[in-house]
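Q: Sharing protein.cif below, mmCIF, C-alpha atoms:
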data_query
#
loop_
_atom_site.label_atom_id
_atom_site.label_comp_id
_atom_site.auth_asym_id
_atom_site.auth_seq_id
_atom_site.Cartn_x
_atom_site.Cartn_y
_atom_site.Cartn_z
CA MET A 555 -14.73 -3.85 -22.45
CA LYS A 556 -11.77 -1.57 -23.06
CA ILE A 557 -10.18 0.52 -20.32
CA ALA A 558 -7.97 3.56 -20.85
CA TYR A 559 -5.32 3.27 -18.15
CA ALA A 560 -4.42 6.76 -16.93
CA THR A 561 -1.03 6.76 -15.18
CA ILE A 562 1.91 9.12 -14.95
CA ASN A 563 4.37 6.24 -14.71
CA ASP A 564 5.11 3.46 -17.19
CA ILE A 565 3.00 0.84 -15.42
CA SER A 566 3.45 -1.82 -18.10
CA ASN A 567 7.26 -1.85 -17.83
CA PRO A 568 8.54 -3.01 -14.40
CA SER A 569 12.17 -2.52 -15.41
CA SER A 570 11.53 1.24 -15.62
CA TRP A 571 10.38 1.62 -12.01
CA SER A 572 12.65 3.38 -9.57
CA LYS A 573 12.83 2.19 -5.96
CA ASP A 574 10.64 5.02 -4.63
CA ILE A 575 7.69 4.27 -6.94
CA GLN A 576 7.80 0.47 -6.95
CA GLY A 577 4.82 0.10 -4.60
CA ILE A 578 2.38 2.25 -6.55
CA CYS A 579 3.60 0.89 -9.89
CA ALA A 580 3.35 -2.74 -8.74
CA ALA A 581 -0.26 -2.18 -7.72
CA GLY A 582 -1.12 -0.60 -11.06
CA TYR A 583 0.70 -3.37 -12.91
CA ASN A 584 -1.11 -6.14 -11.04
CA ILE A 585 -4.48 -4.49 -11.60
CA SER A 586 -3.85 -4.24 -15.34
CA GLN A 587 -2.59 -7.82 -15.61
CA HIS A 588 -5.58 -9.25 -13.77
CA LEU A 589 -7.98 -7.14 -15.82
CA THR A 590 -6.35 -8.57 -18.93
CA ASP A 591 -6.89 -12.06 -17.50
CA GLU A 592 -10.55 -11.08 -17.16
CA SER A 593 -10.70 -10.40 -20.93
CA VAL A 594 -10.52 -6.63 -20.50
CA GLU A 595 -8.49 -4.73 -23.09
CA ILE A 596 -6.07 -2.19 -21.61
CA ASP A 597 -5.07 0.98 -23.45
CA TYR A 598 -2.01 2.24 -21.57
CA LEU A 599 -1.91 6.05 -21.62
CA GLY A 600 1.27 6.38 -19.56
CA PRO A 601 4.00 7.26 -19.15
CA LEU A 602 3.38 11.00 -19.24
CA ASN A 603 6.06 13.61 -19.75
CA LYS A 604 7.02 15.45 -16.57
CA ASN A 605 7.30 18.93 -18.00
CA PHE A 606 8.59 20.94 -15.06
CA THR A 607 8.87 24.63 -15.85
CA ALA A 608 11.21 27.44 -14.94
CA LEU A 609 8.46 28.74 -12.63
CA THR A 610 8.24 25.49 -10.65
CA LYS A 611 12.02 25.32 -10.38
CA LEU A 612 12.06 28.87 -9.07
CA LYS A 613 9.32 28.10 -6.55
CA TRP A 614 11.15 25.01 -5.35
CA SER A 615 14.31 27.04 -4.76
CA PHE A 616 12.39 29.77 -2.93
CA TYR A 617 10.59 27.39 -0.59
CA HIS A 618 13.63 25.18 -0.02
CA TYR A 619 16.24 27.85 0.62
CA ILE A 620 14.22 30.85 1.83
CA SER A 621 11.05 29.56 3.49
CA LYS A 622 12.55 26.23 4.60
CA LYS A 623 9.38 24.51 3.46
CA ASP A 624 8.73 21.55 1.17
CA TYR A 625 7.30 22.29 -2.25
CA TYR A 626 6.18 19.49 -4.55
CA ARG A 627 5.88 20.19 -8.25
CA TRP A 628 3.23 17.49 -8.66
CA ALA A 629 0.90 19.72 -6.60
CA GLU A 630 1.29 22.63 -9.01
CA PRO A 631 -1.86 23.24 -11.14
CA LEU A 632 0.30 24.16 -14.13
CA ILE A 633 1.93 20.71 -14.07
CA VAL A 634 -1.31 18.87 -13.37
CA LYS A 635 -3.11 20.62 -16.22
CA ASN A 636 -0.29 19.55 -18.53
CA TYR A 637 -0.84 15.92 -17.49
CA ALA A 638 -4.54 16.30 -18.26
CA HIS A 639 -3.70 17.83 -21.63
CA GLN A 640 -1.46 14.86 -22.50
CA LEU A 641 -4.18 12.39 -21.51
CA HIS A 642 -6.83 14.33 -23.42
CA LYS A 643 -4.77 14.13 -26.62
CA LYS A 644 -4.27 10.39 -26.19
CA LEU A 645 -7.97 9.82 -25.52
CA LYS A 646 -9.15 11.71 -28.59
CA ASN A 647 -8.76 8.66 -30.79
CA SER A 648 -9.40 6.06 -28.11
CA ASP A 649 -12.42 3.76 -28.33
CA SER A 650 -12.15 2.87 -24.65
CA ASN A 651 -15.32 2.60 -22.58
CA ILE A 652 -13.90 4.08 -19.40
CA VAL A 653 -10.84 5.78 -17.92
CA LEU A 654 -9.31 4.08 -14.88
CA CYS A 655 -6.62 5.77 -12.81
CA PRO A 656 -4.86 3.37 -10.39
CA GLU A 657 -2.39 5.91 -8.95
CA ASN A 658 -3.83 9.05 -7.34
CA ILE A 659 -5.84 12.07 -8.46
CA VAL A 660 -2.95 13.96 -10.07
CA PRO A 661 -3.22 12.83 -13.73
CA ILE A 662 -7.04 13.04 -13.88
CA THR A 663 -7.66 16.24 -11.89
CA TYR A 664 -8.42 18.44 -14.89
CA LEU A 665 -9.10 15.71 -17.44
CA GLU A 666 -11.81 16.42 -19.99
CA CYS A 667 -13.03 13.31 -21.78
CA LYS A 668 -16.21 11.62 -22.95
CA GLN A 669 -15.52 8.45 -20.97
CA PRO A 670 -16.55 8.08 -17.33
CA ILE A 671 -13.56 8.39 -14.97
CA VAL A 672 -12.84 5.85 -12.22
CA LEU A 673 -10.21 6.33 -9.52
CA TRP A 674 -8.79 3.41 -7.51
CA THR A 675 -6.37 4.55 -4.80
CA ASP A 676 -5.42 4.04 -1.17
CA ALA A 677 -6.07 7.49 0.34
CA THR A 678 -7.03 11.08 -0.25
CA LEU A 679 -3.92 13.20 -0.69
CA SER A 680 -5.21 15.66 1.89
CA SER A 681 -5.33 12.92 4.54
CA LEU A 682 -1.58 12.41 4.12
CA ILE A 683 -0.77 16.00 5.10
CA ASN A 684 0.84 15.91 8.56
CA PHE A 685 0.30 12.13 8.54
CA TYR A 686 3.23 10.99 6.41
CA ARG A 687 6.62 12.42 7.34
CA HIS A 688 7.32 13.77 3.86
CA MET A 689 4.05 15.74 4.06
CA GLU A 690 4.70 17.39 7.45
CA ASN A 691 6.46 20.53 6.25
CA LEU A 692 4.44 21.45 3.17
CA CYS A 693 4.20 25.04 2.07
CA GLN A 694 0.73 26.57 2.30
CA GLU A 695 0.56 26.90 -1.48
CA ASN A 696 0.88 23.13 -1.87
CA ILE A 697 -1.72 22.52 0.82
CA ARG A 698 -4.25 24.86 -0.82
CA ASN A 699 -3.60 23.32 -4.23
CA ILE A 700 -3.95 19.75 -2.97
CA HIS A 701 -7.35 20.49 -1.46
CA SER A 702 -8.67 22.34 -4.51
CA MET A 703 -7.26 19.80 -6.97
CA GLU A 704 -8.60 16.84 -5.04
CA ALA A 705 -12.07 18.34 -4.82
CA GLU A 706 -11.96 18.94 -8.58
CA ALA A 707 -10.79 15.40 -9.35
CA LEU A 708 -13.25 13.60 -7.08
CA ASN A 709 -16.16 15.57 -8.51
CA ARG A 710 -15.11 14.56 -12.02
CA CYS A 711 -15.02 10.87 -11.12
CA LYS A 712 -18.06 8.74 -11.79
CA LEU A 713 -16.80 6.14 -9.32
CA ILE A 714 -14.17 6.35 -6.56
CA ILE A 715 -12.68 3.15 -5.18
CA TYR A 716 -10.62 3.28 -2.01
CA THR A 717 -8.72 0.44 -0.41
CA SER A 718 -10.09 1.05 3.09
CA ASP A 719 -13.06 2.34 5.04
CA TRP A 720 -10.75 4.96 6.56
CA ALA A 721 -9.92 6.47 3.16
CA ALA A 722 -13.58 6.40 2.09
CA LYS A 723 -14.66 8.21 5.26
CA GLN A 724 -11.92 10.81 4.78
CA ALA A 725 -13.22 11.58 1.27
CA MET A 726 -16.83 11.87 2.45
CA LYS A 727 -15.89 14.05 5.41
CA THR A 728 -13.39 16.34 3.68
CA TYR A 729 -15.07 16.76 0.30
CA ASN A 730 -18.69 15.91 1.03
CA ILE A 731 -18.61 13.07 -1.52
CA ALA A 732 -21.82 11.02 -1.61
CA ALA A 733 -21.44 7.56 -0.09
CA ASN A 734 -23.04 5.89 -3.14
CA LYS A 735 -20.21 7.21 -5.31
CA ILE A 736 -17.57 5.41 -3.24
CA GLN A 737 -16.70 1.72 -2.96
CA VAL A 738 -14.08 -0.02 -0.81
CA VAL A 739 -11.93 -2.68 -2.47
CA PRO A 740 -8.61 -3.57 -0.79
CA TYR A 741 -5.55 -4.25 -2.93
CA GLY A 742 -4.07 -7.71 -3.30
CA ALA A 743 -0.55 -8.97 -2.64
CA ASN A 744 2.30 -7.87 -4.88
CA LEU A 745 3.72 -11.41 -4.79
CA ILE A 746 2.51 -14.27 -6.95
CA CYS A 747 0.75 -16.88 -4.84
CA ASN A 748 -0.18 -20.32 -6.16
CA ARG A 749 -0.25 -21.89 -2.71
CA ASN A 750 -3.19 -24.01 -1.55
CA ILE A 751 -4.29 -25.07 1.90
CA GLU A 752 -2.03 -28.14 1.83
CA ASP A 753 0.95 -25.92 1.08
CA ILE A 754 0.02 -23.68 3.99
CA LYS A 755 -0.38 -26.69 6.26
CA ASN A 756 3.14 -27.83 5.35
CA ILE A 757 4.56 -24.34 5.86
CA ILE A 758 2.96 -23.97 9.28
CA GLN A 759 3.88 -27.42 10.54
CA SER A 760 7.48 -27.13 9.35
CA LYS A 761 8.14 -24.13 11.63
CA PRO A 762 9.79 -24.94 14.95
CA ASN A 763 8.19 -23.29 17.98
CA THR A 764 11.45 -21.65 18.90
CA PRO A 765 12.78 -19.21 18.11
CA CYS A 766 9.71 -17.09 17.44
CA LYS A 767 10.48 -15.34 14.16
CA LEU A 768 9.18 -11.82 13.58
CA LEU A 769 9.46 -10.24 10.13
CA PHE A 770 9.55 -6.46 9.69
CA ILE A 771 9.37 -5.08 6.14
CA GLY A 772 9.53 -1.37 5.31
CA VAL A 773 11.78 1.29 3.81
CA ASP A 774 11.01 3.91 6.47
CA TRP A 775 12.31 2.77 9.87
CA ILE A 776 10.62 5.57 11.78
CA ARG A 777 7.21 5.67 10.07
CA LYS A 778 6.85 1.89 9.96
CA GLY A 779 7.58 1.59 13.68
CA GLY A 780 10.92 -0.15 13.46
CA SER A 781 11.97 0.98 16.92
CA ILE A 782 8.78 -0.47 18.42
CA ALA A 783 9.36 -3.78 16.62
CA PHE A 784 12.90 -3.88 17.99
CA HIS A 785 11.81 -3.24 21.57
CA ILE A 786 9.04 -5.85 21.29
CA THR A 787 11.64 -8.40 20.21
CA LYS A 788 14.04 -7.36 22.96
CA GLU A 789 11.35 -7.63 25.63
CA LEU A 790 10.15 -11.03 24.38
CA ASN A 791 13.68 -12.34 24.84
CA ASN A 792 13.84 -10.79 28.30
CA LEU A 793 10.57 -12.55 29.17
CA GLY A 794 12.00 -15.91 28.15
CA LEU A 795 10.56 -16.34 24.67
CA LYS A 796 13.54 -16.72 22.36
CA THR A 797 12.72 -14.40 19.47
CA GLU A 798 14.43 -13.25 16.28
CA LEU A 799 13.64 -10.10 14.31
CA THR A 800 14.43 -9.96 10.59
CA ILE A 801 14.34 -6.46 9.11
CA VAL A 802 13.94 -5.99 5.36
CA GLY A 803 14.10 -2.70 3.51
CA CYS A 804 16.00 -0.42 5.87
CA LYS A 805 18.89 -0.28 8.29
CA PRO A 806 17.81 -0.39 11.95
CA GLN A 807 18.30 2.89 13.80
CA ILE A 808 19.01 1.88 17.40
CA ASN A 809 21.23 3.39 20.10
CA GLU A 810 23.16 0.23 20.81
CA SER A 811 25.16 -2.40 18.99
CA LEU A 812 23.03 -4.75 16.94
CA PRO A 813 22.04 -7.77 19.07
CA GLN A 814 22.43 -11.29 17.70
CA PHE A 815 18.65 -11.69 17.63
CA VAL A 816 18.33 -8.97 14.95
CA LYS A 817 19.16 -9.51 11.29
CA TYR A 818 18.63 -7.03 8.51
CA ILE A 819 18.63 -6.91 4.73
CA GLU A 820 18.50 -3.38 3.39
CA PHE A 821 16.96 -4.24 0.02
CA ILE A 822 15.54 -7.27 -1.75
CA ASP A 823 14.85 -6.92 -5.47
CA LYS A 824 11.69 -8.97 -5.95
CA SER A 825 11.92 -8.54 -9.71
CA LYS A 826 14.94 -10.87 -9.70
CA LYS A 827 14.60 -14.62 -9.17
CA ALA A 828 17.04 -14.69 -6.26
CA GLY A 829 15.28 -11.79 -4.56
CA LEU A 830 11.86 -13.37 -4.99
CA GLU A 831 13.09 -16.67 -3.59
CA LYS A 832 14.61 -14.86 -0.60
CA ILE A 833 11.47 -12.91 0.29
CA ASN A 834 9.34 -16.05 -0.10
CA GLN A 835 11.71 -17.90 2.24
CA LEU A 836 11.49 -15.15 4.86
CA PHE A 837 7.69 -15.16 4.78
CA ALA A 838 7.54 -18.95 4.96
CA GLU A 839 9.82 -19.01 8.02
CA ALA A 840 8.13 -16.16 9.91
CA HIS A 841 5.61 -16.67 12.70
CA PHE A 842 4.33 -13.09 12.52
CA LEU A 843 4.64 -10.03 10.36
CA ILE A 844 5.35 -7.21 12.82
CA LEU A 845 4.43 -3.74 11.55
CA PRO A 846 3.73 -1.32 14.42
CA THR A 847 3.47 1.56 11.97
CA ILE A 848 2.65 5.09 13.09
CA ALA A 849 1.29 6.18 9.69
CA ASP A 850 0.06 3.99 6.85
CA CYS A 851 -2.75 3.50 4.37
CA THR A 852 -3.17 -0.15 3.32
CA PRO A 853 0.28 -1.75 2.98
CA HIS A 854 0.48 -4.67 0.53
CA VAL A 855 2.76 -6.55 2.90
CA VAL A 856 -0.24 -7.59 5.04
CA ALA A 857 -1.78 -9.52 2.15
CA GLU A 858 1.63 -10.90 1.21
CA ALA A 859 2.17 -12.24 4.72
CA ASN A 860 -1.34 -13.71 4.86
CA SER A 861 -0.72 -15.50 1.56
CA PHE A 862 1.85 -17.60 3.46
CA GLY A 863 -0.45 -18.12 6.44
CA VAL A 864 1.51 -15.54 8.43
CA PRO A 865 -0.62 -13.37 10.76
CA ALA A 866 0.03 -9.62 10.76
CA ILE A 867 0.50 -7.58 13.93
CA SER A 868 0.07 -3.86 13.42
CA THR A 869 -1.52 -0.65 14.68
CA ASN A 870 -4.97 0.81 14.28
CA VAL A 871 -3.97 3.69 12.03
CA GLY A 872 -5.00 4.63 8.50
CA GLY A 873 -6.71 1.79 6.69
CA LEU A 874 -5.17 -1.12 8.57
CA ALA A 875 -8.43 -2.01 10.33
CA THR A 876 -9.87 -2.86 6.89
CA LEU A 877 -7.00 -5.25 6.18
CA ILE A 878 -6.48 -6.87 9.58
CA HIS A 879 -9.40 -8.39 11.44
CA ASP A 880 -8.50 -9.30 15.00
CA ASP A 881 -7.94 -13.01 15.59
CA LEU A 882 -8.66 -13.82 11.94
CA ASN A 883 -5.51 -12.69 10.17
CA GLY A 884 -3.61 -10.99 12.96
CA LYS A 885 -4.12 -8.29 15.53
CA ILE A 886 -4.16 -4.50 15.53
CA PHE A 887 -3.20 -2.49 18.59
CA PRO A 888 -3.96 1.11 19.55
CA LEU A 889 -1.26 3.54 18.49
CA ASP A 890 -0.43 4.20 22.14
CA ALA A 891 -0.28 0.51 23.13
CA ASN A 892 2.69 -0.35 25.31
CA ILE A 893 5.28 -2.97 24.48
CA SER A 894 3.84 -5.42 27.02
CA ALA A 895 0.51 -5.57 25.17
CA TYR A 896 2.25 -6.81 22.03
CA CYS A 897 4.41 -9.21 24.01
CA ASN A 898 1.48 -10.71 25.92
CA TYR A 899 -0.36 -11.41 22.69
CA ILE A 900 2.64 -13.01 20.98
CA ILE A 901 3.52 -15.12 24.04
CA THR A 902 -0.10 -16.28 24.37
CA MET A 903 -0.26 -17.34 20.73
CA MET A 904 3.15 -19.00 20.76
CA SER A 905 2.25 -20.92 23.94
CA ASN A 906 -0.72 -22.64 22.32
CA ASP A 907 -0.06 -24.56 19.10
CA HIS A 908 -3.75 -25.03 18.38
CA ASP A 909 -4.58 -21.33 18.65
CA TYR A 910 -1.57 -20.33 16.55
CA TYR A 911 -2.39 -22.88 13.84
CA GLN A 912 -5.98 -21.67 13.72
CA LEU A 913 -4.82 -18.08 13.36
CA ALA A 914 -2.33 -19.03 10.65
CA PHE A 915 -4.94 -20.96 8.65
CA SER A 916 -7.55 -18.21 8.98
CA SER A 917 -4.90 -15.69 7.86
CA PHE A 918 -4.56 -17.64 4.63
CA TYR A 919 -8.35 -17.84 4.27
CA GLU A 920 -8.56 -14.04 4.63
CA TYR A 921 -6.01 -13.77 1.82
CA GLN A 922 -8.00 -16.19 -0.33
CA ASN A 923 -11.37 -14.56 0.32
CA ARG A 924 -10.55 -10.84 0.53
CA LEU A 925 -6.94 -9.83 0.03
CA ASN A 926 -5.91 -11.07 -3.41
CA TRP A 927 -5.94 -9.48 -6.83
CA ASN A 928 -8.38 -11.95 -8.36
CA VAL A 929 -11.08 -11.01 -5.87
CA ALA A 930 -10.25 -7.29 -6.00
CA VAL A 931 -10.19 -7.03 -9.78
CA GLN A 932 -13.31 -9.12 -10.32
CA LYS A 933 -15.23 -6.87 -7.94
CA THR A 934 -13.85 -3.74 -9.60
CA LYS A 935 -14.62 -5.06 -13.07
CA LYS A 936 -18.26 -5.54 -12.06
CA LEU A 937 -18.45 -2.05 -10.60
CA ILE A 938 -17.04 -0.61 -13.83
CA LYS A 939 -19.39 -2.63 -16.02
CA ASP A 940 -22.34 -1.30 -14.04
CA LEU A 941 -21.26 2.22 -15.03
CA ILE A 942 -21.29 1.60 -18.76
CA VAL A 943 -24.35 -0.62 -19.27
#
Could you write out this structure as C-alpha cells?

A:
Amino acid sequence: MKIAYATINDISNPSSWSKDIQGICAAGYNISQHLTDESVEIDYLGPLNKNFTALTKLKWSFYHYISKKDYYRWAEPLIVKNYAHQLHKKLKNSDSNIVLCPENIVPITYLECKQPIVLWTDATLSSLINFYRHMENLCQENIRNIHSMEAEALNRCKLIIYTSDWAAKQAMKTYNIAANKIQVVPYGANLICNRNIEDIKNIIQSKPNTPCKLLFIGVDWIRKGGSIAFHITKELNNLGLKTELTIVGCKPQINESLPQFVKYIEFIDKSKKAGLEKINQLFAEAHFLILPTIADCTPHVVAEANSFGVPAISTNVGGLATLIHDDLNGKIFPLDANISAYCNYIITMMSNDHDYYQLAFSSFYEYQNRLNWNVAVQKTKKLIKDLIV
C-alpha cells in the first residue's frame, strides 16, 4: 500500500518545524514513521508553498487596523485553492492508493484526485471558533469561509478519523456527516516509549510520598488552566500536603512573588538529547500531570504522562473524556469544579499507597492498550485498507 501524505508543512523534516507548529508536525511525523514500520510506502506531498497574495495582505491590514478583527489567510478560499492545485499537480504522476491528510482540512478542501481522501485530525475547525483564544475575534468573512470550506472538505473525504468522540459528534451535528463515515482513533504520545511494566514498577516505587509532585505542561498559561493548577498546589500546601508544581512551556502569570513550591522551565527542546532527558526525568518524578485546561482537543501530553505511569488530572472539555477515563488513567473534573474538589482527590490518592499504585499501573496499561502510536496506526491502516480493497 502506498499513501500520498498531504500536508502543508514539511512533516518529514523535524529540524524545519517552528515552535508554533511542533505539535501538529510531530503528530504527522509519528503517523508517517509508524506507517512506514507497518510496510506502508509514504509519498510526501508537502511542504506546500504559502503563496499569500496582495489581496490577502490588504484584507489582513483592513481587518487588523480598521475593523480590529482577526483575519487568517489560511481561511481564504484563494489560498486554499492554491494548496489544492499544488497537491493536484503532485498527484498527477503518483501511483499512491490513497491520500491521507494528518493536519486539518485546509490542504484537501478543494482537492480533485482519483484517490480516496482520508482525514485524520483532532477537531473540526468550526468547533474551535470562540473555543480557542486565537479564534475568539475572527472576522465574519473567516467564519463564513471556515464553515463552507469544512463542509466541502468533509464531503470530499471517503473516511474521516477524529481523535475523540467530541470531535466526531461536532462533525455530525454541524455538517450532518453520516456516522458510518467517521471513526475515532486517539493519537499516541510524541515521546518514544520502550518502557515495560517492570520499568513502570521501578519508577512508581522510587517516588517518595512527599512532596507530591504535580507537572503542568503547556505553552498557553491561560487556556491550559495554569492559574487553576497554581491555586490547587497552593491549597494542597495549606491543607498540609507538601506539594510542588513544575511548570513547563510558559512563564507563570500570578499576582504574587513566585513561591518556593513552584518551579518553571519556559521551553524544553525535545529534539535535543538534553531536552529529551529532562522531560523524561520530569515525567518520571511526577505523581500527577495537572492540566485543568479551559479549552483543548486531545493533548498528546496525556498519553506521554501515562507512558510513565503518571495519571492525568484534567477537565471535561473538548475531547479529554476520550483520553482520560476516571480512575483508570486519571480523573476529569467539570469545568466549573472548585479547587477543593481537585485537592480532595489528590489528597485521597496520596494518602493511600495501594490506590495510587493501582492508578499509576492502570495509567500505563491505558497507554499500552489505547494511547500509543502502534495501536493508533495499526487501526488506521486497517480502516484505510478496507477502503481500497

Q: What residues come out when you apply the PyMOL selection byres ((chain A and resi 778) around 8) to this file, written as a ChimeraX atom specification?

A: /A:772-777,779-780,845-850

Q: So which residues touch Phe770 in chain A within 12 Å, counting all atoms listed in the file, skipping near sequence neighbours fewer than 4 positions away, as number ranges by chain?

A: A: 774-775, 778-784, 786-787, 798-806, 816-820, 833, 836-837, 840-847, 855-856, 859, 866-868

Q: Go ahead and compute the interatomic distance for CA of Pro601 in chain A and CA of His618 in chain A, in Å to one decimal.

A: 27.9 Å

Q: Taking only C-alpha atoms into account, which of A:Glu839, A:Asp881, A:Asp564, A:Asp624 comes nearest Pro765 in chain A?

A: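 Nearest to Pro765 in chain A: A:Glu839.
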
Q: Please, what distance in Å, to one decimal, runs between CA of Asn691 in chain A and CA of Phe821 in chain A?

A: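 Interatomic distance here is 27.6 Å.
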
Q: Which residue gives the smallest distance to Tyr910 in chain A among A:Ile886, A:Ile714, A:Leu925, A:Ile758, with all atoms listed in the file counted?

A: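 Closest to Tyr910 in chain A of all the choices is A:Ile758.
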
Q: Please determine, counting only C-alpha atoms, which residue among A:Lys735, A:Ala558, A:Ser681, A:Ser615 has the shortest atom-to-atom distance to Asn647 in chain A.

A: A:Ala558

Q: Got a sec: who's within 7 Å of Glu704 in chain A, counting only C-alpha atoms, leaving out chain neighbours fewer than 3 positions off, as a PyMOL selection string?

A: chain A and resi 659+663+700-701+707-708

Q: Leaving out Leu609 in chain A and any residue of its chain fewer than 2 positions from it, which residues lie within 12 Å of it when counting all atoms listed in the file, given as a ChimeraX atom specification?

A: /A:605-607,611-616,627,630-633

Q: Give me a file of those residues, with C-alpha atoms, as a PDB file, keeping the file's coordinate frame.

A:
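Saved file selection-v3.pdb follows:
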ATOM      1  CA  ASN A 605       7.300  18.930 -18.000  1.00  0.00           C
ATOM      2  CA  PHE A 606       8.590  20.940 -15.060  1.00  0.00           C
ATOM      3  CA  THR A 607       8.870  24.630 -15.850  1.00  0.00           C
ATOM      4  CA  LYS A 611      12.020  25.320 -10.380  1.00  0.00           C
ATOM      5  CA  LEU A 612      12.060  28.870  -9.070  1.00  0.00           C
ATOM      6  CA  LYS A 613       9.320  28.100  -6.550  1.00  0.00           C
ATOM      7  CA  TRP A 614      11.150  25.010  -5.350  1.00  0.00           C
ATOM      8  CA  SER A 615      14.310  27.040  -4.760  1.00  0.00           C
ATOM      9  CA  PHE A 616      12.390  29.770  -2.930  1.00  0.00           C
ATOM     10  CA  ARG A 627       5.880  20.190  -8.250  1.00  0.00           C
ATOM     11  CA  GLU A 630       1.290  22.630  -9.010  1.00  0.00           C
ATOM     12  CA  PRO A 631      -1.860  23.240 -11.140  1.00  0.00           C
ATOM     13  CA  LEU A 632       0.300  24.160 -14.130  1.00  0.00           C
ATOM     14  CA  ILE A 633       1.930  20.710 -14.070  1.00  0.00           C
TER      15      ILE A 633
END

Q: Hey, can you check how far CA of Thr797 in chain A sits from CA of Lys761 in chain A?

A: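 Computed distance, CA of Thr797 in chain A to CA of Lys761 in chain A, equals 13.3 Å.
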
Q: For the PyMOL selection byres ((chain A and resi 719) around 9), applied here, can you spell out every residue it catches as a list in words?

A: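 Matching residues under the PyMOL selection byres ((chain A and resi 719) around 9) are Tyr716, Thr717, Ser718, Trp720, Ala721, Ala722, Lys723, Gln724, Gln737, Val738, Gly873, Ala875 and Thr876 of chain A.
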
Q: Could you name the residues that touch Thr934 in chain A at 12 Å or less, counting only C-alpha atoms, but leaving out those on the same chain fewer than 5 positions away, as a list in words?

A: Ile585, Ser586, His588, Leu589, Glu592, Val594, Leu654, Pro656, Val672, Leu673, Trp674, Leu713, Ile714, Ile715, Tyr716, Thr717, Ile736, Gln737, Val738, Val739, Pro740, Tyr741, Trp927, Asn928, Val929, Lys939, Asp940 and Leu941 of chain A

Q: Between A:Tyr919, A:Lys646, A:His785, A:Ser760, which residue has the minimum interatomic distance to Gln807 in chain A, considering only C-alpha atoms?

A: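 Checking each of A:Tyr919, A:Lys646, A:His785, A:Ser760 against Gln807 in chain A, counting only C-alpha atoms, the winner is A:His785.
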
Q: Using all atoms listed in the file, which residue out of A:Asn792, A:Asn651, A:Asn684, A:Thr561 lies closest to Lys668 in chain A?

A: A:Asn651

Q: Of the candidates A:Tyr617, A:Tyr664, A:Phe815, A:Tyr598, which one gets nearest to Glu695 in chain A if we count all atoms listed in the file?

A: A:Tyr617

Q: Written as an MDAnalysis selection string, what is the full residue list that the PyMOL selection byres ((chain A and resi 882) around 10) yields on the file shown?

A: chainID A and resid 865:866 878:881 883:885 912:920

Q: Create the file for the chosen residues now, containing C-alpha atoms and written as a PDB file, in the coordinates of the input.

A:
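Resulting contents of again_0.pdb:
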ATOM      1  CA  PRO A 865      -0.620 -13.370  10.760  1.00  0.00           C
ATOM      2  CA  ALA A 866       0.030  -9.620  10.760  1.00  0.00           C
ATOM      3  CA  ILE A 878      -6.480  -6.870   9.580  1.00  0.00           C
ATOM      4  CA  HIS A 879      -9.400  -8.390  11.440  1.00  0.00           C
ATOM      5  CA  ASP A 880      -8.500  -9.300  15.000  1.00  0.00           C
ATOM      6  CA  ASP A 881      -7.940 -13.010  15.590  1.00  0.00           C
ATOM      7  CA  ASN A 883      -5.510 -12.690  10.170  1.00  0.00           C
ATOM      8  CA  GLY A 884      -3.610 -10.990  12.960  1.00  0.00           C
ATOM      9  CA  LYS A 885      -4.120  -8.290  15.530  1.00  0.00           C
ATOM     10  CA  GLN A 912      -5.980 -21.670  13.720  1.00  0.00           C
ATOM     11  CA  LEU A 913      -4.820 -18.080  13.360  1.00  0.00           C
ATOM     12  CA  ALA A 914      -2.330 -19.030  10.650  1.00  0.00           C
ATOM     13  CA  PHE A 915      -4.940 -20.960   8.650  1.00  0.00           C
ATOM     14  CA  SER A 916      -7.550 -18.210   8.980  1.00  0.00           C
ATOM     15  CA  SER A 917      -4.900 -15.690   7.860  1.00  0.00           C
ATOM     16  CA  PHE A 918      -4.560 -17.640   4.630  1.00  0.00           C
ATOM     17  CA  TYR A 919      -8.350 -17.840   4.270  1.00  0.00           C
ATOM     18  CA  GLU A 920      -8.560 -14.040   4.630  1.00  0.00           C
TER      19      GLU A 920
END

Q: Determine, for each residue of range 782-830 of chain A having at least one atom at most 8 Å from an atom of range 894-901 of chain A, the closest pair of atoms and their separation in Å to one decimal, counting only C-alpha atoms; order by chain and ascending number, as JSON lines.

A:
{"residue": "A:Ile786", "atom": "CA", "partner": "A:Cys897", "partner_atom": "CA", "distance": 6.3}
{"residue": "A:Glu789", "atom": "CA", "partner": "A:Cys897", "partner_atom": "CA", "distance": 7.3}
{"residue": "A:Leu790", "atom": "CA", "partner": "A:Cys897", "partner_atom": "CA", "distance": 6.0}
{"residue": "A:Leu795", "atom": "CA", "partner": "A:Ile901", "partner_atom": "CA", "distance": 7.2}

Q: Could you list, as JSON, numbers by chain, every residue within 12 Å of Val943 in chain A, counting only C-alpha atoms and ignoring same-chain residues fewer than 4 positions away?

A: {"A": [555, 651, 652, 670, 936, 937, 938, 939]}

Q: With N, CA and C atoms as the goal, would you fill in the gaps in range 762-767 of chain A and present it as a JSON list (two decimals), in the coordinates of the input?

A:
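part20.json was written with the following content:
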[["chain", "number", "residue", "atom", "x", "y", "z"],
["A", 762, "PRO", "N", 9.57, -24.60, 13.53],
["A", 762, "PRO", "CA", 9.79, -24.94, 14.95],
["A", 762, "PRO", "C", 9.18, -23.86, 15.84],
["A", 763, "ASN", "N", 8.79, -24.24, 17.05],
["A", 763, "ASN", "CA", 8.19, -23.29, 17.98],
["A", 763, "ASN", "C", 9.18, -22.23, 18.45],
["A", 764, "THR", "N", 10.45, -22.60, 18.43],
["A", 764, "THR", "CA", 11.45, -21.65, 18.90],
["A", 764, "THR", "C", 12.63, -21.65, 17.92],
["A", 765, "PRO", "N", 13.19, -20.52, 17.60],
["A", 765, "PRO", "CA", 12.78, -19.21, 18.11],
["A", 765, "PRO", "C", 11.52, -18.70, 17.42],
["A", 766, "CYS", "N", 10.81, -17.80, 18.09],
["A", 766, "CYS", "CA", 9.71, -17.09, 17.44],
["A", 766, "CYS", "C", 10.32, -16.11, 16.45],
["A", 767, "LYS", "N", 9.88, -16.18, 15.20],
["A", 767, "LYS", "CA", 10.48, -15.34, 14.16],
["A", 767, "LYS", "C", 9.51, -14.22, 13.75]]
